[in-house]
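Asker: Below is the file data.csv, which contains CSV, C-alpha atoms.
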```csv
chain,number,residue,atom,x,y,z
A,1,MET,CA,3.9,-5.8,126.4
A,2,GLU,CA,7.2,-4.3,125.6
A,3,GLN,CA,10.2,-6.4,124.6
A,4,SER,CA,13.1,-6.1,126.9
A,5,ILE,CA,16.6,-5.6,125.6
A,6,PRO,CA,19.3,-7.8,127.1
A,7,MET,CA,22.0,-6.0,129.1
A,8,PHE,CA,25.5,-5.6,127.6
A,9,GLN,CA,28.0,-8.1,129.0
A,10,PRO,CA,31.6,-7.0,128.6
A,11,GLY,CA,34.0,-9.4,126.8
A,12,THR,CA,31.3,-11.2,124.9
A,13,PHE,CA,30.0,-9.1,122.1
A,14,GLN,CA,29.5,-5.6,120.9
A,15,PRO,CA,26.0,-4.1,121.2
A,16,SER,CA,24.1,-3.9,118.0
A,17,PRO,CA,21.9,-0.9,117.1
A,18,PRO,CA,18.5,-1.0,118.6
A,19,MET,CA,15.9,-2.9,116.6
A,20,PRO,CA,12.9,-1.0,115.4
A,21,ARG,CA,9.8,-1.9,117.3
A,22,GLN,CA,7.0,-3.5,115.4
A,23,PRO,CA,3.5,-3.3,116.5
A,24,PHE,CA,1.8,-6.4,117.8
A,25,GLN,CA,-0.5,-8.0,115.3
A,26,PRO,CA,-2.8,-10.6,116.5
A,27,GLY,CA,-2.8,-13.9,114.8
A,28,GLN,CA,0.9,-14.1,114.5
A,29,PRO,CA,2.8,-16.4,116.8
A,30,PHE,CA,4.9,-14.8,119.4
A,31,GLN,CA,8.6,-14.8,118.5
A,32,PRO,CA,10.8,-14.0,121.4
A,33,PHE,CA,13.8,-11.7,120.7
A,34,GLN,CA,17.0,-13.4,119.9
A,35,PRO,CA,20.2,-11.5,120.6
A,36,ALA,CA,22.9,-11.2,118.0
A,37,GLN,CA,25.4,-14.0,118.0
A,38,THR,CA,28.9,-13.2,119.1
A,39,PHE,CA,31.7,-13.1,116.5
A,40,GLN,CA,33.8,-16.3,116.4
A,41,PRO,CA,37.0,-16.1,114.2
A,42,THR,CA,37.7,-19.1,112.1
A,43,PRO,CA,40.9,-20.8,113.4
A,44,GLN,CA,43.8,-20.8,110.8
A,45,PRO,CA,46.7,-23.3,110.8
A,46,PHE,CA,50.1,-22.0,111.9
A,47,GLN,CA,52.5,-21.1,109.1
A,48,PRO,CA,56.2,-20.2,109.9
A,49,ALA,CA,57.6,-16.9,108.6
A,50,GLN,CA,58.8,-17.1,105.0
A,51,THR,CA,62.2,-15.6,104.0
A,52,PHE,CA,62.2,-12.6,101.7
A,53,GLN,CA,62.6,-13.5,98.1
A,54,PRO,CA,63.5,-10.6,95.8
A,55,PRO,CA,61.7,-10.3,92.5
A,56,PRO,CA,63.2,-12.3,89.7
A,57,GLN,CA,66.0,-10.4,87.8
A,58,PRO,CA,67.1,-10.9,84.2
A,59,ASN,CA,70.0,-13.4,83.9
A,60,TYR,CA,73.6,-12.0,83.6
A,61,ASN,CA,76.4,-13.9,82.0
A,62,PRO,CA,79.7,-13.9,84.0
A,63,GLY,CA,82.5,-11.7,82.7
A,64,HIS,CA,80.4,-8.9,81.4
A,65,THR,CA,77.6,-6.6,82.4
A,66,GLN,CA,75.4,-7.2,79.4
A,67,PRO,CA,72.0,-8.8,80.4
A,68,SER,CA,71.1,-11.9,78.5
A,69,GLY,CA,67.9,-10.4,77.3
A,70,THR,CA,69.7,-7.8,75.2
A,71,PRO,CA,72.0,-8.4,72.2
A,72,GLU,CA,75.4,-9.9,73.5
A,73,PHE,CA,78.4,-8.4,71.8
A,74,PHE,CA,81.0,-9.9,74.3
A,75,SER,CA,79.6,-13.3,74.9
A,76,PRO,CA,82.1,-16.2,75.4
A,77,VAL,CA,81.5,-17.3,71.8
A,78,ALA,CA,82.2,-13.9,70.4
A,79,ALA,CA,85.3,-13.5,72.6
A,80,GLN,CA,86.6,-16.9,71.4
A,81,MET,CA,86.0,-15.9,67.8
A,82,ALA,CA,87.8,-12.5,68.4
A,83,GLY,CA,90.7,-14.3,70.0
A,84,ASN,CA,91.0,-16.8,67.1
A,85,MET,CA,91.0,-13.8,64.7
A,86,PHE,CA,93.7,-12.0,66.5
A,87,ALA,CA,95.7,-15.2,66.8
A,88,SER,CA,95.5,-15.8,63.1
A,89,MET,CA,96.5,-12.2,62.5
A,90,GLY,CA,99.4,-12.2,65.0
A,91,SER,CA,100.9,-15.5,63.9
A,92,PRO,CA,102.3,-14.1,60.6
A,93,MET,CA,103.7,-11.0,62.5
A,94,ILE,CA,105.4,-13.2,65.1
A,95,SER,CA,106.8,-15.4,62.4
A,96,GLN,CA,108.1,-12.5,60.4
A,97,THR,CA,109.6,-10.9,63.5
A,98,GLN,CA,111.3,-14.2,64.4
A,99,GLN,CA,112.7,-14.6,60.8
A,100,ALA,CA,114.0,-11.0,60.9
A,101,GLY,CA,115.7,-11.7,64.2
A,102,GLU,CA,117.2,-14.9,62.9
A,103,ARG,CA,118.5,-13.0,59.8
A,104,TRP,CA,119.9,-10.3,62.0
A,105,PHE,CA,121.8,-12.6,64.4
A,106,GLY,CA,122.9,-14.7,61.4
A,107,SER,CA,124.4,-11.6,59.9
A,108,LEU,CA,126.2,-10.8,63.2
A,109,LYS,CA,127.5,-14.3,63.3
A,110,TYR,CA,129.0,-13.8,59.9
A,111,TYR,CA,131.1,-10.8,61.2
A,112,PHE,CA,132.5,-12.7,64.1
A,113,ALA,CA,133.6,-15.8,62.1
A,114,VAL,CA,137.4,-15.0,62.4
A,115,ASP,CA,140.5,-17.0,63.1
A,116,ASN,CA,144.1,-16.1,64.1
A,117,LEU,CA,145.4,-15.9,60.5
A,118,TYR,CA,142.6,-13.5,59.6
A,119,VAL,CA,143.3,-11.3,62.6
A,120,TRP,CA,147.0,-11.1,61.7
A,121,HIS,CA,146.3,-10.2,58.0
A,122,LYS,CA,143.8,-7.6,59.0
A,123,LEU,CA,146.1,-5.9,61.5
A,124,LYS,CA,148.8,-5.8,58.9
A,125,SER,CA,146.3,-4.4,56.3
A,126,VAL,CA,145.1,-1.6,58.6
A,127,LEU,CA,148.6,-0.5,59.8
A,128,LEU,CA,150.5,-1.2,56.5
A,129,PRO,CA,148.0,-1.1,53.6
A,130,ILE,CA,150.4,-2.1,50.8
A,131,GLY,CA,148.4,-4.9,49.2
A,132,LYS,CA,147.1,-4.7,45.7
A,133,ASN,CA,144.0,-6.9,45.9
A,134,TRP,CA,141.2,-5.5,48.1
A,135,ASN,CA,138.2,-7.2,46.4
A,136,ARG,CA,136.1,-9.5,48.4
A,137,GLN,CA,135.5,-13.1,47.3
A,138,MET,CA,132.2,-14.8,46.5
A,139,ASN,CA,131.1,-18.3,47.2
A,140,ALA,CA,130.7,-21.0,44.5
A,141,ASN,CA,127.3,-19.8,43.5
A,142,SER,CA,128.4,-16.1,43.4
A,143,THR,CA,125.4,-15.2,45.6
A,144,GLU,CA,127.1,-14.3,48.9
A,145,PHE,CA,130.4,-13.1,50.2
A,146,LEU,CA,132.7,-15.5,51.9
A,147,PRO,CA,133.1,-15.1,55.7
A,148,PRO,CA,136.2,-13.5,57.2
A,149,ASN,CA,137.9,-16.8,58.1
A,150,GLN,CA,137.8,-17.6,54.4
A,151,ASP,CA,138.5,-14.2,52.9
A,152,ARG,CA,141.0,-11.8,54.5
A,153,ASN,CA,139.4,-8.8,52.7
A,154,ALA,CA,136.0,-9.4,54.3
A,155,PRO,CA,135.0,-6.9,57.0
A,156,ASP,CA,134.5,-8.1,60.6
A,157,LEU,CA,133.3,-6.7,63.9
A,158,TYR,CA,135.6,-8.7,66.1
A,159,LEU,CA,138.7,-6.5,65.7
A,160,PRO,CA,136.8,-3.1,66.0
A,161,LEU,CA,135.0,-4.4,69.1
A,162,MET,CA,138.2,-5.5,70.8
A,163,ALA,CA,140.0,-2.3,69.9
A,164,PHE,CA,137.1,-0.3,71.2
A,165,VAL,CA,137.1,-2.1,74.6
A,166,THR,CA,140.9,-1.7,74.8
A,167,TYR,CA,140.5,2.0,74.0
A,168,VAL,CA,138.0,2.5,76.9
A,169,LEU,CA,140.0,0.5,79.4
A,170,LEU,CA,143.2,2.2,78.5
A,171,ILE,CA,141.7,5.6,79.2
A,172,ALA,CA,140.2,4.4,82.4
A,173,PHE,CA,143.6,2.9,83.5
A,174,PHE,CA,145.5,6.2,83.0
A,175,LYS,CA,142.7,8.2,84.6
A,176,GLY,CA,143.2,6.0,87.7
A,177,THR,CA,147.0,6.5,87.7
A,178,ASN,CA,146.4,10.2,87.8
A,179,ASN,CA,143.8,9.9,90.7
A,180,GLU,CA,141.1,11.0,88.4
A,181,PHE,CA,139.2,7.8,87.9
A,182,SER,CA,135.4,7.6,88.7
A,183,PRO,CA,132.7,5.2,87.6
A,184,ASP,CA,131.5,7.9,85.2
A,185,VAL,CA,134.8,7.8,83.2
A,186,ILE,CA,134.0,4.4,81.5
A,187,GLY,CA,130.4,5.5,80.7
A,188,MET,CA,131.3,8.9,79.3
A,189,THR,CA,134.2,7.5,77.3
A,190,THR,CA,132.1,4.7,75.9
A,191,THR,CA,129.2,7.0,75.0
A,192,THR,CA,131.4,9.6,73.4
A,193,ALA,CA,133.4,7.1,71.3
A,194,PHE,CA,130.3,5.2,70.3
A,195,PHE,CA,128.5,8.4,69.3
A,196,ILE,CA,131.4,9.5,67.1
A,197,ILE,CA,131.7,6.2,65.3
A,198,GLY,CA,128.0,5.8,64.9
A,199,LEU,CA,127.6,9.3,63.5
A,200,GLU,CA,130.5,8.9,61.1
A,201,ALA,CA,129.0,5.6,59.9
A,202,LEU,CA,125.6,7.2,59.3
A,203,CYS,CA,127.2,10.1,57.4
A,204,VAL,CA,129.2,7.7,55.1
A,205,LYS,CA,126.1,5.6,54.5
A,206,ALA,CA,124.0,8.7,53.8
A,207,GLY,CA,126.7,10.0,51.4
A,208,ILE,CA,126.6,6.7,49.5
A,209,TRP,CA,122.9,6.8,49.2
A,210,LEU,CA,122.6,10.5,48.3
A,211,LEU,CA,125.3,10.1,45.6
A,212,ASN,CA,123.5,7.1,44.2
A,213,PHE,CA,126.5,4.8,44.6
A,214,PRO,CA,126.1,1.0,44.8
A,215,SER,CA,124.6,0.0,48.1
A,216,VAL,CA,127.0,-1.1,50.9
A,217,ALA,CA,125.7,-2.8,54.1
A,218,PHE,CA,125.6,-0.6,57.1
A,219,LEU,CA,127.5,-3.2,59.2
A,220,ASP,CA,130.2,-3.3,56.5
A,221,VAL,CA,130.6,0.5,56.8
A,222,LEU,CA,130.6,0.3,60.6
A,223,ALA,CA,133.3,-2.4,60.5
A,224,TYR,CA,135.5,-0.4,58.1
A,225,ILE,CA,135.2,2.7,60.2
A,226,GLY,CA,135.7,0.8,63.5
A,227,TYR,CA,139.2,-0.2,62.5
A,228,LYS,CA,140.5,3.2,63.5
A,229,PHE,CA,140.5,2.3,67.1
A,230,ILE,CA,143.5,0.1,66.4
A,231,GLY,CA,145.5,3.2,65.5
A,232,ALA,CA,143.9,5.2,68.3
A,233,VAL,CA,145.1,2.7,70.9
A,234,LEU,CA,148.7,2.9,69.6
A,235,ASN,CA,148.6,6.7,69.6
A,236,ILE,CA,147.4,7.0,73.1
A,237,SER,CA,149.9,4.4,74.4
A,238,THR,CA,152.8,6.2,72.7
A,239,GLY,CA,151.8,9.6,73.9
A,240,LEU,CA,151.4,8.5,77.5
A,241,PHE,CA,154.6,6.5,77.8
A,242,LEU,CA,157.0,8.2,75.4
A,243,GLY,CA,155.8,11.8,75.2
A,244,HIS,CA,154.6,14.4,72.7
A,245,TYR,CA,156.9,14.0,69.8
A,246,PRO,CA,156.7,10.2,69.5
A,247,PHE,CA,152.9,10.6,69.8
A,248,LEU,CA,152.9,13.0,66.7
A,249,VAL,CA,155.0,10.5,64.7
A,250,THR,CA,152.7,7.6,65.6
A,251,TYR,CA,149.6,9.7,65.0
A,252,ALA,CA,150.8,10.7,61.5
A,253,ILE,CA,151.7,7.1,60.5
A,254,THR,CA,148.5,5.4,61.8
A,255,SER,CA,146.2,8.1,60.4
A,256,LEU,CA,147.7,8.0,57.0
A,257,SER,CA,147.7,4.2,56.9
A,258,PHE,CA,144.1,4.0,58.0
A,259,SER,CA,143.0,6.6,55.5
A,260,VAL,CA,144.6,4.6,52.7
A,261,PHE,CA,143.0,1.4,54.0
A,262,LEU,CA,139.6,2.9,54.2
A,263,ALA,CA,139.7,4.5,50.8
A,264,ARG,CA,140.7,1.3,49.1
A,265,THR,CA,138.2,-0.9,50.9
A,266,LEU,CA,135.4,1.5,50.2
A,267,GLN,CA,136.5,1.8,46.6
A,268,ALA,CA,136.4,-2.0,46.2
A,269,ALA,CA,133.0,-2.1,47.8
A,270,LEU,CA,131.6,0.6,45.5
A,271,THR,CA,133.2,-0.3,42.2
A,272,GLY,CA,134.3,-3.9,42.6
A,273,SER,CA,137.9,-2.9,41.8
A,274,SER,CA,140.7,-1.2,43.8
A,275,ASN,CA,143.4,-1.2,41.2
A,276,ASN,CA,142.5,2.0,39.4
A,277,MET,CA,140.5,5.1,40.3
A,278,GLY,CA,138.8,5.3,36.9
A,279,TYR,CA,138.4,8.9,35.9
A,280,ASN,CA,136.6,8.1,32.7
A,281,ASN,CA,133.2,9.4,33.6
A,282,GLY,CA,131.5,11.7,36.1
A,283,ALA,CA,130.4,8.9,38.4
A,284,SER,CA,133.9,7.7,38.9
A,285,LYS,CA,135.1,11.3,39.6
A,286,THR,CA,132.3,11.7,42.1
A,287,GLN,CA,133.3,8.5,43.9
A,288,SER,CA,136.9,9.6,43.9
A,289,TYR,CA,136.1,12.9,45.5
A,290,PHE,CA,133.9,11.2,48.0
A,291,LEU,CA,136.7,8.8,49.0
A,292,VAL,CA,139.2,11.6,49.4
A,293,VAL,CA,136.8,13.5,51.7
A,294,VAL,CA,136.3,10.4,53.8
A,295,ALA,CA,140.0,9.7,53.9
A,296,VAL,CA,140.9,13.2,55.0
A,297,LEU,CA,138.2,13.1,57.7
A,298,GLN,CA,140.0,10.3,59.4
A,299,PHE,CA,142.8,12.5,60.5
A,300,LEU,CA,140.4,14.7,62.4
A,301,VAL,CA,138.4,11.8,63.9
A,302,ILE,CA,141.5,9.9,65.2
A,303,TYR,CA,143.0,13.1,66.6
A,304,PHE,CA,139.7,13.8,68.4
A,305,LEU,CA,139.5,10.3,69.8
A,306,CYS,CA,143.0,10.7,71.2
A,307,TYR,CA,142.3,13.9,73.1
A,308,ILE,CA,138.6,14.0,73.9
A,309,SER,CA,138.6,11.7,76.9
A,310,PHE,CA,141.8,12.9,78.6
A,311,SER,CA,142.2,15.3,81.5
A,312,SER,CA,144.6,18.2,81.8
A,313,PRO,CA,147.7,16.1,82.9
A,314,PHE,CA,147.6,14.2,79.7
A,315,VAL,CA,147.2,17.4,77.7
A,316,GLN,CA,150.2,18.8,79.5
A,317,LEU,CA,152.2,15.6,78.9
A,318,SER,CA,151.3,15.7,75.2
A,319,MET,CA,152.5,19.3,75.0
A,320,GLY,CA,156.0,18.4,76.3
A,321,ALA,CA,155.5,18.8,80.1
A,322,THR,CA,156.1,16.1,82.7
A,323,VAL,CA,154.2,15.0,85.7
A,324,ASP,CA,156.6,16.8,88.0
A,325,THR,CA,155.9,20.2,86.4
A,326,VAL,CA,152.2,20.0,87.0
A,327,GLN,CA,151.4,22.7,89.5
A,328,GLU,CA,149.8,21.6,92.7
A,329,ILE,CA,146.8,23.5,94.1
A,330,PRO,CA,148.1,25.7,96.9
A,331,VAL,CA,146.6,25.1,100.4
A,332,LYS,CA,145.9,28.2,102.4
A,333,GLU,CA,147.0,27.9,106.1
A,334,VAL,CA,144.5,29.3,108.6
A,335,PRO,CA,146.2,30.5,111.9
A,336,ILE,CA,144.7,29.2,115.1
A,337,LYS,CA,145.0,31.1,118.3
A,338,GLU,CA,145.8,29.6,121.7
A,339,GLN,CA,142.6,30.9,123.0
A,340,ASP,CA,140.7,28.7,120.6
A,341,PHE,CA,142.6,25.6,121.9
A,342,GLY,CA,141.6,26.5,125.5
A,343,GLU,CA,138.0,26.8,124.6
A,344,VAL,CA,138.0,23.4,122.8
A,345,GLN,CA,139.7,21.7,125.8
A,346,GLU,CA,137.1,23.2,128.2
A,347,ALA,CA,134.3,22.0,126.0
A,348,LEU,CA,135.7,18.5,125.9
A,349,GLN,CA,136.2,18.4,129.7
A,350,ALA,CA,132.7,19.6,130.3
```
Would you mind writing the file out in structure tokens?

Answerer:
Amino acid sequence: MEQSIPMFQPGTFQPSPPMPRQPFQPGQPFQPFQPAQTFQPTPQPFQPAQTFQPPPQPNYNPGHTQPSGTPEFFSPVAAQMAGNMFASMGSPMISQTQQAGERWFGSLKYYFAVDNLYVWHKLKSVLLPIGKNWNRQMNANSTEFLPPNQDRNAPDLYLPLMAFVTYVLLIAFFKGTNNEFSPDVIGMTTTTAFFIIGLEALCVKAGIWLLNFPSVAFLDVLAYIGYKFIGAVLNISTGLFLGHYPFLVTYAITSLSFSVFLARTLQAALTGSSNNMGYNNGASKTQSYFLVVVAVLQFLVIYFLCYISFSSPFVQLSMGATVDTVQEIPVKEVPIKEQDFGEVQEALQA
């Protein structure tokens, strides 16, 4: 008897391959054919979707891009140590700079310690250098020079600065009276005069150093040379108000007076004595030649200061002319035809 194969039922199971037929053997109990069991999936509990977690990355310290797993050259501890090191190195530099600034402002304060009596004596010494004692006085310990308000031979920067400002304003004022003033006048005059005085002070300081003379402070040299603005102001005022010949007389007197003043003050600063020139040795002769050259140079510098910043009307005044003789620029008249007026009127009416 053949074994029947059950029919395929859709939706229940997939047919299995046919079983091989076995011949019937007597003595064995009959076992009916059992169809293959259908697949039943094991139920799984519901699990919600999990968020994406990136793979672990090596830790980074804030403030730099060096990973913590590698050697850290800029860690907060190293940065703090470097900051402490730079602070320890910068503190002495800051203190030295502060001390240098205090010394510099202290020296400037010395040159402005003046009073009315000192100003009067200094003006008289610059314009009439007839005194015999030009040596500076020392304090009780003989370590520092006395300030200007205690020593009339001490240099100061108050008078040179006031004379310099007066010189610039005087030129600007007369430029305005000639209708030639512009904002550039003050700047150009200040720059030119300051350049001349600074260059002269550097040349004198360089000559003292090259000739191996006793050292003189640069501010002292600048103060001595800056007194020439007193004579320059007098010369310019005389030339503008009184004319050419009074200007020449004033120029000769002020230039000669200032040259003698500068030679005596520099001689006292270099040798400590202004009573004799001392021609006993080569060094004294060299100093005398140097002082003569500096004194003669003052005539040229003062003359240059009186003329460099003035326009043509002043030059003509100083040469003996007057304001009325200055020729005016001719104005060329352009003839206008009546036809042009008619065209203009028609254009306006349209």

Asker: Would you kindly return, as a VMD selection string, each protein, DNA or RNA residue with an atom no farther than 12 Å from any atom of range 262-269 of chain A, considering all atoms listed in the file and excluding same-chain residues fewer than 6 positions away?

Answerer: chain A and resid 122 125 to 137 145 152 to 155 204 to 205 208 213 to 218 220 to 228 254 to 256 275 to 278 284 to 299

Asker: Could you tell me which of A:Ala172, A:Phe247, A:Ser259, A:Asn235 comes closest to Val185 in chain A if we count only C-alpha atoms?

Answerer: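 Counting only C-alpha atoms, the residue closest to Val185 in chain A is A:Ala172.
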
Asker: Separation of CA of Ala193 in chain A and CA of Cys306 in chain A, in Å?

Answerer: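 Separating CA of Ala193 in chain A from CA of Cys306 in chain A is a distance of 10.3 Å.
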
Asker: Restricting the calculation to only C-alpha atoms, which member of A:Ile302, A:Leu240, A:Leu159, A:Ala140 is positioned closest to Asn116 in chain A?

Answerer: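 Closest candidate: A:Leu159.
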
Asker: By how many Å are CA of Tyr111 in chain A and CA of Thr166 in chain A apart?

Answerer: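 It comes out at 19.1 Å.
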
Asker: Pick from A:Leu169, A:Leu210, A:Leu300, A:Leu202: nearest to Ile236 in chain A, with all atoms listed in the file counted?

Answerer: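 For Ile236 in chain A, the nearest of the candidates is A:Leu169.
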
Asker: What is the distance, in Å and to one decimal place, between CA of Ser182 in chain A and CA of Tyr307 in chain A?

Answerer: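 According to the coordinates, CA of Ser182 in chain A and CA of Tyr307 in chain A are separated by 18.2 Å.
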
Asker: So which one's closest to Tyr303 in chain A, A:Phe181, A:Trp120, A:Phe229, A:Phe195? Using all atoms listed in the file, please.

Answerer: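 For Tyr303 in chain A, the nearest of the given residues is A:Phe229.
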
Asker: Given the choices A:Thr250, A:Phe258, A:Thr238, A:Leu305, which gets closest to Thr190 in chain A if the distance is worked out from only C-alpha atoms?

Answerer: A:Leu305

Asker: Between A:Tyr245, A:Phe304, A:Phe194, A:Phe112, single out the one closest to Leu157 in chain A, counting only C-alpha atoms.

Answerer: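 Checking each candidate against Leu157 in chain A, we get A:Phe112 as the closest.
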